[in-house]
$ cat coords25.cif   # mmCIF, C-alpha atoms
data_my_file
loop_
_atom_site.label_atom_id
_atom_site.label_comp_id
_atom_site.auth_asym_id
_atom_site.auth_seq_id
_atom_site.Cartn_x
_atom_site.Cartn_y
_atom_site.Cartn_z
CA MET D 1 17.41 -20.10 3.33
CA THR D 2 17.63 -16.30 3.45
CA ARG D 3 15.00 -14.20 1.69
CA THR D 4 17.64 -12.76 -0.68
CA LEU D 5 18.90 -16.18 -1.71
CA PHE D 6 15.36 -17.45 -2.14
CA THR D 7 14.44 -14.48 -4.33
CA ARG D 8 17.48 -15.04 -6.53
CA ARG D 9 16.66 -18.69 -6.98
CA LEU D 10 13.06 -17.86 -7.78
CA ALA D 11 14.14 -15.38 -10.43
CA ALA D 12 16.44 -17.97 -11.97
CA VAL D 13 13.63 -20.52 -12.10
CA ALA D 14 11.35 -17.92 -13.65
CA GLY D 15 13.86 -17.15 -16.38
CA VAL D 16 14.28 -20.80 -17.32
CA ALA D 17 10.54 -21.43 -17.31
CA VAL D 18 9.77 -18.39 -19.43
CA LEU D 19 12.46 -19.38 -21.90
CA ALA D 20 10.97 -22.85 -22.13
CA LEU D 21 7.50 -21.41 -22.60
CA GLY D 22 8.78 -19.05 -25.28
CA LEU D 23 10.44 -21.88 -27.18
CA GLY D 24 7.31 -23.97 -26.92
CA SER D 25 5.10 -21.24 -28.33
CA CYS D 26 7.17 -20.09 -31.30
CA GLY D 27 4.98 -19.60 -34.31
CA LYS D 28 1.87 -19.08 -32.16
CA GLY D 29 0.21 -16.00 -30.70
CA GLU D 30 -0.13 -12.83 -32.74
CA ASP D 31 0.15 -13.06 -36.51
CA THR D 32 1.40 -9.48 -36.66
CA ALA D 33 2.38 -6.93 -34.06
CA GLY D 34 -0.76 -5.47 -32.55
CA GLY D 35 -2.99 -7.85 -34.53
CA THR D 36 -5.52 -10.36 -33.33
CA PRO D 37 -3.77 -13.45 -31.90
CA THR D 38 -4.55 -16.86 -33.32
CA GLU D 39 -4.35 -18.35 -29.84
CA ILE D 40 -4.69 -17.05 -26.26
CA THR D 41 -2.66 -18.52 -23.40
CA PHE D 42 -4.28 -18.29 -19.96
CA SER D 43 -1.92 -18.65 -17.01
CA ILE D 44 -2.93 -20.31 -13.75
CA LEU D 45 -0.96 -20.73 -10.56
CA SER D 46 -1.13 -24.35 -9.47
CA ALA D 47 1.03 -25.85 -6.74
CA GLU D 48 -0.24 -29.30 -7.69
CA GLY D 49 0.12 -28.77 -11.44
CA GLN D 50 -2.15 -29.36 -14.38
CA ALA D 51 -3.30 -32.82 -13.26
CA SER D 52 -5.33 -31.43 -10.35
CA SER D 53 -6.20 -27.90 -11.53
CA GLY D 54 -6.69 -28.66 -15.21
CA PRO D 55 -10.08 -30.39 -14.88
CA LEU D 56 -11.41 -27.49 -12.79
CA TRP D 57 -10.35 -24.75 -15.21
CA GLN D 58 -10.77 -26.47 -18.57
CA PRO D 59 -14.59 -26.10 -18.84
CA LEU D 60 -14.26 -22.34 -18.29
CA LEU D 61 -11.45 -22.08 -20.84
CA ASP D 62 -13.49 -24.07 -23.36
CA ASP D 63 -16.40 -21.69 -22.85
CA MET D 64 -14.05 -18.73 -23.21
CA SER D 65 -12.73 -20.10 -26.52
CA LYS D 66 -16.26 -20.31 -27.91
CA ALA D 67 -17.23 -16.86 -26.64
CA ILE D 68 -14.23 -14.94 -28.02
CA GLY D 69 -13.70 -16.98 -31.20
CA VAL D 70 -10.03 -17.68 -30.44
CA PRO D 71 -8.62 -20.94 -28.99
CA VAL D 72 -7.60 -20.60 -25.33
CA LYS D 73 -4.99 -22.91 -23.83
CA PRO D 74 -3.87 -23.06 -20.19
CA PHE D 75 -0.37 -22.56 -18.84
CA PHE D 76 0.20 -23.90 -15.33
CA ALA D 77 3.15 -22.93 -13.17
CA GLY D 78 4.07 -23.41 -9.53
CA ASN D 79 5.17 -19.88 -8.63
CA TYR D 80 4.05 -16.36 -9.40
CA ASN D 81 7.29 -15.01 -10.84
CA VAL D 82 7.12 -17.49 -13.70
CA LEU D 83 3.60 -16.32 -14.55
CA ILE D 84 4.41 -12.62 -14.27
CA GLU D 85 7.45 -13.00 -16.50
CA ALA D 86 5.42 -15.03 -18.99
CA MET D 87 2.94 -12.18 -19.31
CA ARG D 88 5.75 -9.61 -19.50
CA PHE D 89 7.21 -11.40 -22.52
CA ASN D 90 3.74 -11.86 -24.08
CA GLN D 91 3.91 -15.64 -23.76
CA THR D 92 0.60 -15.45 -21.88
CA GLN D 93 -2.12 -12.91 -22.56
CA VAL D 94 -4.69 -13.57 -19.82
CA ALA D 95 -4.08 -14.65 -16.22
CA TRP D 96 -5.73 -15.53 -12.95
CA PHE D 97 -3.60 -13.80 -10.31
CA SER D 98 -3.94 -13.22 -6.61
CA ALA D 99 -3.76 -9.55 -5.68
CA LYS D 100 0.00 -9.05 -5.18
CA PRO D 101 1.01 -10.75 -8.47
CA ALA D 102 -1.80 -8.86 -10.22
CA LEU D 103 -0.20 -5.65 -9.00
CA GLU D 104 3.19 -6.84 -10.23
CA ALA D 105 1.68 -7.63 -13.63
CA VAL D 106 0.15 -4.14 -13.84
CA ASP D 107 3.43 -2.49 -12.85
CA ARG D 108 5.86 -4.44 -15.01
CA ALA D 109 4.09 -6.81 -17.40
CA GLN D 110 1.65 -4.53 -19.27
CA GLY D 111 -1.19 -6.05 -17.31
CA GLU D 112 -4.69 -4.60 -17.09
CA VAL D 113 -7.19 -5.74 -14.45
CA ILE D 114 -10.65 -6.45 -15.83
CA ALA D 115 -12.38 -8.41 -13.07
CA ARG D 116 -12.10 -9.70 -9.52
CA ILE D 117 -13.32 -12.94 -8.00
CA VAL D 118 -16.45 -13.24 -5.85
CA ASP D 119 -16.77 -16.34 -3.69
CA PRO D 120 -19.95 -18.42 -3.18
CA GLU D 121 -20.90 -16.33 -0.13
CA GLY D 122 -20.68 -13.10 -2.12
CA ARG D 123 -17.34 -11.97 -0.69
CA ASP D 124 -14.64 -10.38 -2.85
CA SER D 125 -12.03 -10.63 -0.11
CA TYR D 126 -10.38 -13.38 1.91
CA ARG D 127 -7.96 -13.65 4.83
CA SER D 128 -4.44 -14.79 5.50
CA THR D 129 -4.02 -17.28 8.35
CA LEU D 130 -1.35 -18.87 10.50
CA ILE D 131 -1.87 -22.60 10.95
CA VAL D 132 -0.58 -25.22 13.38
CA LYS D 133 -1.32 -28.89 13.96
CA LYS D 134 -4.44 -29.35 16.06
CA GLY D 135 -3.55 -30.29 19.60
CA SER D 136 0.06 -29.13 19.29
CA GLY D 137 -0.35 -26.58 22.04
CA ILE D 138 1.31 -23.92 19.87
CA THR D 139 -0.33 -20.54 20.43
CA LEU D 140 0.16 -17.19 18.73
CA ASP D 141 1.85 -15.81 21.87
CA LYS D 142 4.36 -18.68 21.78
CA VAL D 143 5.06 -18.07 18.10
CA LEU D 144 5.57 -14.35 18.63
CA ALA D 145 7.94 -15.01 21.54
CA CYS D 146 10.54 -15.76 18.84
CA GLY D 147 12.57 -18.27 20.79
CA LYS D 148 13.88 -20.00 17.66
CA VAL D 149 12.11 -23.20 18.71
CA TYR D 150 9.69 -23.60 15.80
CA ASP D 151 10.14 -24.55 12.15
CA PHE D 152 8.20 -22.05 10.04
CA GLY D 153 6.65 -22.31 6.58
CA ILE D 154 6.14 -19.03 4.72
CA GLY D 155 4.58 -18.56 1.27
CA ASP D 156 5.87 -17.64 -2.15
CA ALA D 157 7.69 -14.29 -2.00
CA GLN D 158 5.00 -12.85 -4.30
CA SER D 159 2.07 -14.35 -2.38
CA THR D 160 -0.38 -11.86 -0.93
CA SER D 161 -1.65 -14.07 1.88
CA GLY D 162 1.38 -16.33 2.23
CA THR D 163 3.97 -13.60 2.77
CA LEU D 164 2.81 -9.99 2.33
CA ALA D 165 -0.24 -10.04 4.63
CA PRO D 166 1.44 -11.80 7.59
CA MET D 167 4.42 -9.46 7.29
CA THR D 168 2.16 -6.38 7.13
CA PHE D 169 -0.37 -7.27 9.80
CA LEU D 170 1.49 -9.62 12.13
CA PHE D 171 5.28 -9.42 12.03
CA ASN D 172 6.16 -5.87 10.95
CA PRO D 173 4.05 -4.10 13.62
CA ARG D 174 5.95 -6.09 16.24
CA GLY D 175 9.36 -5.55 14.68
CA ILE D 176 9.75 -9.28 14.02
CA ALA D 177 11.94 -10.61 11.21
CA PRO D 178 10.80 -14.22 10.64
CA GLY D 179 14.28 -15.31 9.58
CA GLN D 180 15.55 -14.35 13.03
CA CYS D 181 12.49 -15.54 14.93
CA PHE D 182 12.25 -19.21 13.99
CA LYS D 183 14.57 -22.19 14.18
CA THR D 184 14.22 -22.74 10.43
CA MET D 185 12.19 -21.07 7.69
CA ARG D 186 11.18 -22.53 4.33
CA SER D 187 9.09 -21.17 1.48
CA ALA D 188 6.38 -23.25 -0.22
CA SER D 189 2.85 -23.11 -1.59
CA HIS D 190 -0.16 -22.98 0.72
CA GLN D 191 -0.99 -26.62 0.02
CA ALA D 192 2.57 -27.78 0.62
CA ASN D 193 2.77 -25.79 3.85
CA ALA D 194 -0.53 -27.25 5.07
CA PHE D 195 0.72 -30.76 4.39
CA ALA D 196 4.02 -29.95 6.12
CA VAL D 197 2.21 -28.77 9.26
CA ALA D 198 -0.10 -31.78 9.32
CA THR D 199 2.82 -34.19 8.98
CA GLY D 200 5.11 -32.41 11.43
CA VAL D 201 7.68 -31.18 8.91
CA VAL D 202 7.07 -27.62 10.10
CA ASP D 203 5.38 -26.43 13.30
CA VAL D 204 3.60 -23.34 12.01
CA ALA D 205 2.94 -21.93 8.55
CA THR D 206 1.07 -19.25 6.64
CA SER D 207 -2.08 -20.17 4.76
CA ASN D 208 -5.40 -18.54 3.88
CA THR D 209 -9.13 -19.05 4.12
CA VAL D 210 -9.39 -20.06 0.45
CA ASN D 211 -6.87 -22.83 0.99
CA THR D 212 -8.85 -23.99 4.03
CA VAL D 213 -11.92 -24.46 1.83
CA PHE D 214 -9.84 -26.26 -0.80
CA MET D 215 -8.29 -28.60 1.76
CA MET D 216 -11.65 -29.41 3.36
CA ARG D 217 -13.01 -30.34 -0.04
CA GLU D 218 -10.02 -32.20 -1.47
CA ASN D 219 -8.41 -33.68 1.65
CA PRO D 220 -10.77 -33.46 4.65
CA HIS D 221 -8.65 -35.84 6.76
CA LEU D 222 -5.64 -33.56 6.45
CA ALA D 223 -7.75 -30.43 6.95
CA SER D 224 -9.13 -31.85 10.19
CA GLN D 225 -5.60 -31.93 11.62
CA LEU D 226 -5.07 -28.17 11.24
CA GLU D 227 -6.22 -25.13 13.17
CA ASP D 228 -5.82 -21.37 12.78
CA ILE D 229 -4.05 -19.37 15.48
CA TRP D 230 -4.18 -16.03 13.64
CA THR D 231 -6.38 -14.45 10.97
CA SER D 232 -5.62 -11.25 9.06
CA PRO D 233 -7.97 -8.40 8.18
CA PRO D 234 -9.71 -8.87 4.79
CA ILE D 235 -7.47 -8.68 1.72
CA PRO D 236 -8.61 -8.31 -1.91
CA GLU D 237 -9.53 -11.51 -3.73
CA SER D 238 -7.84 -12.76 -6.90
CA GLY D 239 -8.46 -11.08 -10.22
CA ILE D 240 -8.36 -11.56 -13.98
CA VAL D 241 -5.56 -9.68 -15.74
CA ILE D 242 -5.07 -9.28 -19.49
CA ARG D 243 -2.29 -7.69 -21.51
CA GLU D 244 -3.22 -4.10 -22.21
CA ASP D 245 -1.91 -4.24 -25.79
CA LEU D 246 -4.32 -6.95 -26.91
CA ASP D 247 -6.54 -6.13 -29.87
CA PRO D 248 -9.26 -3.81 -28.45
CA VAL D 249 -12.11 -5.81 -29.95
CA LEU D 250 -10.74 -9.03 -28.46
CA LYS D 251 -10.18 -7.34 -25.10
CA GLU D 252 -13.85 -6.37 -24.94
CA LYS D 253 -14.91 -9.90 -25.86
CA ILE D 254 -12.77 -11.28 -23.02
CA ARG D 255 -14.07 -8.67 -20.58
CA SER D 256 -17.68 -9.39 -21.56
CA PHE D 257 -17.12 -13.13 -21.22
CA PHE D 258 -15.97 -12.91 -17.61
CA LEU D 259 -18.50 -10.29 -16.48
CA THR D 260 -21.48 -12.22 -17.88
CA TYR D 261 -20.31 -15.76 -17.12
CA GLY D 262 -22.78 -17.65 -14.96
CA GLN D 263 -25.25 -14.75 -14.95
CA GLY D 264 -28.89 -14.85 -15.95
CA ASP D 265 -31.43 -17.65 -16.18
CA GLY D 266 -31.70 -20.88 -18.09
CA ALA D 267 -29.86 -24.17 -18.38
CA GLU D 268 -26.67 -22.67 -19.85
CA ALA D 269 -26.30 -20.09 -17.08
CA GLU D 270 -26.86 -22.82 -14.51
CA ARG D 271 -24.20 -25.01 -16.13
CA GLN D 272 -21.76 -22.10 -16.02
CA ARG D 273 -22.56 -21.54 -12.34
CA GLN D 274 -21.63 -25.15 -11.69
CA VAL D 275 -18.29 -24.56 -13.42
CA LEU D 276 -17.73 -21.56 -11.15
CA ALA D 277 -18.79 -23.53 -8.08
CA SER D 278 -16.10 -26.12 -8.77
CA LEU D 279 -13.56 -23.27 -8.58
CA ASN D 280 -15.25 -21.98 -5.40
CA TYR D 281 -16.42 -18.83 -7.22
CA SER D 282 -19.88 -17.35 -7.76
CA MET D 283 -19.09 -14.67 -10.34
CA PHE D 284 -16.51 -12.27 -11.74
CA ARG D 285 -17.10 -8.64 -10.73
CA ALA D 286 -15.93 -5.70 -12.86
CA ALA D 287 -12.74 -4.13 -11.51
CA ASP D 288 -9.70 -2.10 -12.45
CA ASP D 289 -6.34 -1.85 -10.74
CA GLY D 290 -7.78 0.56 -8.17
CA TYR D 291 -9.08 -2.46 -6.28
CA LEU D 292 -5.43 -3.32 -5.61
CA ASP D 293 -4.80 -0.14 -3.58
CA PRO D 294 -4.99 -2.03 -0.25
CA VAL D 295 -2.21 -4.25 -1.55
CA ARG D 296 -0.21 -1.20 -2.62
CA GLU D 297 -0.48 -0.03 1.00
CA MET D 298 0.79 -3.41 2.21
CA VAL D 299 3.72 -3.26 -0.22
CA ALA D 300 4.61 0.27 0.89
CA ASP D 301 4.42 -0.83 4.52
CA GLN D 302 6.77 -3.73 3.81
CA GLN D 303 9.18 -1.43 1.96
CA LEU D 304 9.12 0.96 4.91
CA SER D 305 9.95 -1.85 7.35
CA GLU D 306 12.79 -3.08 5.17
CA ALA D 307 14.20 0.44 4.74
CA ARG D 308 14.11 1.06 8.48
CA ALA D 309 15.85 -2.26 9.14
CA LYS D 310 18.64 -1.22 6.74
CA GLY D 311 18.87 2.31 8.10
CA ASP D 312 18.30 3.68 4.58
CA GLN D 313 16.82 7.10 5.33
CA ALA D 314 16.17 7.98 1.68
CA ALA D 315 14.22 4.75 1.18
CA VAL D 316 12.38 5.34 4.47
CA ALA D 317 11.29 8.79 3.29
CA ALA D 318 10.17 7.46 -0.10
CA ALA D 319 8.16 4.63 1.49
CA GLU D 320 6.56 7.01 3.99
CA ARG D 321 5.49 9.32 1.15
CA ALA D 322 4.01 6.43 -0.82
CA LEU D 323 2.19 5.12 2.22
CA ALA D 324 0.82 8.56 3.14
CA ALA D 325 -0.44 9.12 -0.42
CA LEU D 326 -2.22 5.77 -0.50
CA ARG D 327 -3.82 6.33 2.89
CA ALA D 328 -4.95 9.81 1.87
CA LYS D 329 -6.49 8.36 -1.30
CA ARG D 330 -8.36 5.75 0.73
CA GLU D 331 -9.69 8.35 3.15
CA VAL D 332 -11.29 10.46 0.40
CA GLN D 333 -12.83 7.52 -1.44
CA PRO D 334 -16.55 6.84 -0.82
#
$ encode --input "coords25.cif" --output "structure tokens"
Amino acid sequence: MTRTLFTRRLAAVAGVAVLALGLGSCGKGEDTAGGTPTEITFSILSAEGQASSGPLWQPLLDDMSKAIGVPVKPFFAGNYNVLIEAMRFNQTQVAWFSAKPALEAVDRAQGEVIARIVDPEGRDSYRSTLIVKKGSGITLDKVLACGKVYDFGIGDAQSTSGTLAPMTFLFNPRGIAPGQCFKTMRSASHQANAFAVATGVVDVATSNTVNTVFMMRENPHLASQLEDIWTSPPIPESGIVIREDLDPVLKEKIRSFFLTYGQGDGAEAERQRQVLASLNYSMFRAADDGYLDPVREMVADQQLSEARAKGDQAAVAAAERALAALRAKREVQP
């Protein structure tokens, strides 16, 4: 499937899902425009759906409901575009997004970043990976030879580690277009791609270090069949995004909830830390959308590669300006 066709299908799915969500939430949400909502919907990307992710997130959402004084319900979806569109149409008000969708939410869904994830080892970044079946003999050099001999699994078009990072750090610098490099290419979630590699459906796929931890915990037999042949530089971890037009008092309650959750001493703080541990988190660290600047650089780099491939000189110039501005900003930051 070509990237253009895939993107069109994804947009169509997003539209249907948002419509369904909108119909299901009529009569809920804000009582009046700009007022305090009677219910908050928290969106969560889940390739496996509510059955697997629900039990992990529900304790945190229950605690959030108590802390902010407004019921919080989850909304699970299998791709990022659905969740971004849901926030854009105010069908969801708070979201857990990886970095690229968080940027999309800021740019086109009135999103405001309030926190970023910190893992149990204290890291607020993770890495994209390329995985193959252990013992397959497939190496990175063989993959990059582009002989159209391998079936390839790429991530969601909006995925930071599943698509954007491997394009930015692996394929674009070598002038490689995956659609022309592999025998076949399919798009799926990290978990689905890992399963496909382990079972021989695809030969090589994108993944990330977070998914590796998840697979080792939830399906160690499958995880033992996989190995990394490439690892990206660090990329920003996921974040918490809220709609910027929420009632200011409620926004501060939500912000305070995340930034204090699992902190301090005592039995309650320890219980909260156990909730975080089940999600493979240690805390939420204060952040704004500036933490997404590395992702903005990756997006600009991808836009530059696409413009060059099309021979669109105006788009090339615009992408080069954007990239230069972001790099200059990074260089002057402490």
$ closest_residue --input "coords25.cif" --among "D:Leu60, D:Ala109, D:Ala188, D:Ala317" --to "D:Thr163" --atoms "all atoms listed in the file"
D:Ala188
$ resolve_selection --input "coords25.cif" --expression "the PyMOL selection byres ((chain D and resi 281) around 10)" --output "list in words"
Ile117, Val118, Asp119, Pro120, Glu121, Gly122, Arg123, Asp124, Arg273, Gln274, Val275, Leu276, Ala277, Ser278, Leu279, Asn280, Ser282, Met283 and Phe284 of chain D
$ resolve_selection --input "coords25.cif" --expression "the PyMOL selection byres ((chain D and resi 134) around 6)" --output "compact mmCIF listing (two decimals) with C-alpha atoms, in the coordinates of the input"
# COMPACT_ATOMS: atom_id res chain seq x y z
CA LYS D 133 -1.32 -28.89 13.96
CA GLY D 135 -3.55 -30.29 19.60
CA SER D 136 0.06 -29.13 19.29
CA GLN D 225 -5.60 -31.93 11.62
CA LEU D 226 -5.07 -28.17 11.24
CA GLU D 227 -6.22 -25.13 13.17
$ residues_around --input "coords25.cif" --residues "D:Ser43" --least-positions-apart "2" --cutoff "10 Å" --atoms "only C-alpha atoms" --output "number ranges by chain"
D: 40-41, 45-46, 73-77, 80, 82-84, 86-87, 91-97, 241
$ atom_distance --input "coords25.cif" --atom1 "atom CA of D:Gln191" --atom2 "atom CA of D:Ala102"
20.5 Å
$ resolve_selection --input "coords25.cif" --expression "the PyMOL selection byres ((chain D and resi 298) around 9)" --output "PyMOL selection string"
chain D and resi 164-165+167-169+293-297+299-303+323
$ write_last_selection --input "coords25.cif" --atoms "C-alpha atoms" --output "compact mmCIF listing (two decimals), keeping the file's coordinate frame"
# COMPACT_ATOMS: atom_id res chain seq x y z
CA LEU D 164 2.81 -9.99 2.33
CA ALA D 165 -0.24 -10.04 4.63
CA MET D 167 4.42 -9.46 7.29
CA THR D 168 2.16 -6.38 7.13
CA PHE D 169 -0.37 -7.27 9.80
CA ASP D 293 -4.80 -0.14 -3.58
CA PRO D 294 -4.99 -2.03 -0.25
CA VAL D 295 -2.21 -4.25 -1.55
CA ARG D 296 -0.21 -1.20 -2.62
CA GLU D 297 -0.48 -0.03 1.00
CA VAL D 299 3.72 -3.26 -0.22
CA ALA D 300 4.61 0.27 0.89
CA ASP D 301 4.42 -0.83 4.52
CA GLN D 302 6.77 -3.73 3.81
CA GLN D 303 9.18 -1.43 1.96
CA LEU D 323 2.19 5.12 2.22
$ closest_residue --input "coords25.cif" --among "D:Leu56, D:Val202, D:Ile114, D:Leu103" --to "D:Phe152" --atoms "all atoms listed in the file"
D:Val202
$ closest_residue --input "coords25.cif" --among "D:Ser159, D:Asn211, D:Ser305, D:Ser232" --to "D:Glu104" --atoms "all atoms listed in the file"
D:Ser159
$ closest_residue --input "coords25.cif" --among "D:Cys181, D:Pro173, D:Ile235, D:Pro166" --to "D:Val149" --atoms "all atoms listed in the file"
D:Cys181
$ closest_residue --input "coords25.cif" --among "D:Gly162, D:Gly239, D:Pro55, D:Gly175" --to "D:Val113" --atoms "only C-alpha atoms"
D:Gly239
$ residues_around --input "coords25.cif" --residues "D:Val143" --least-positions-apart "2" --cutoff "12 Å" --atoms "only C-alpha atoms" --output "number ranges by chain"
D: 130-132, 137-141, 145-152, 170-171, 176, 178, 181-183, 203-205, 229-230
$ atom_distance --input "coords25.cif" --atom1 "atom CA of D:Ala115" --atom2 "atom CA of D:Thr231"
25.5 Å
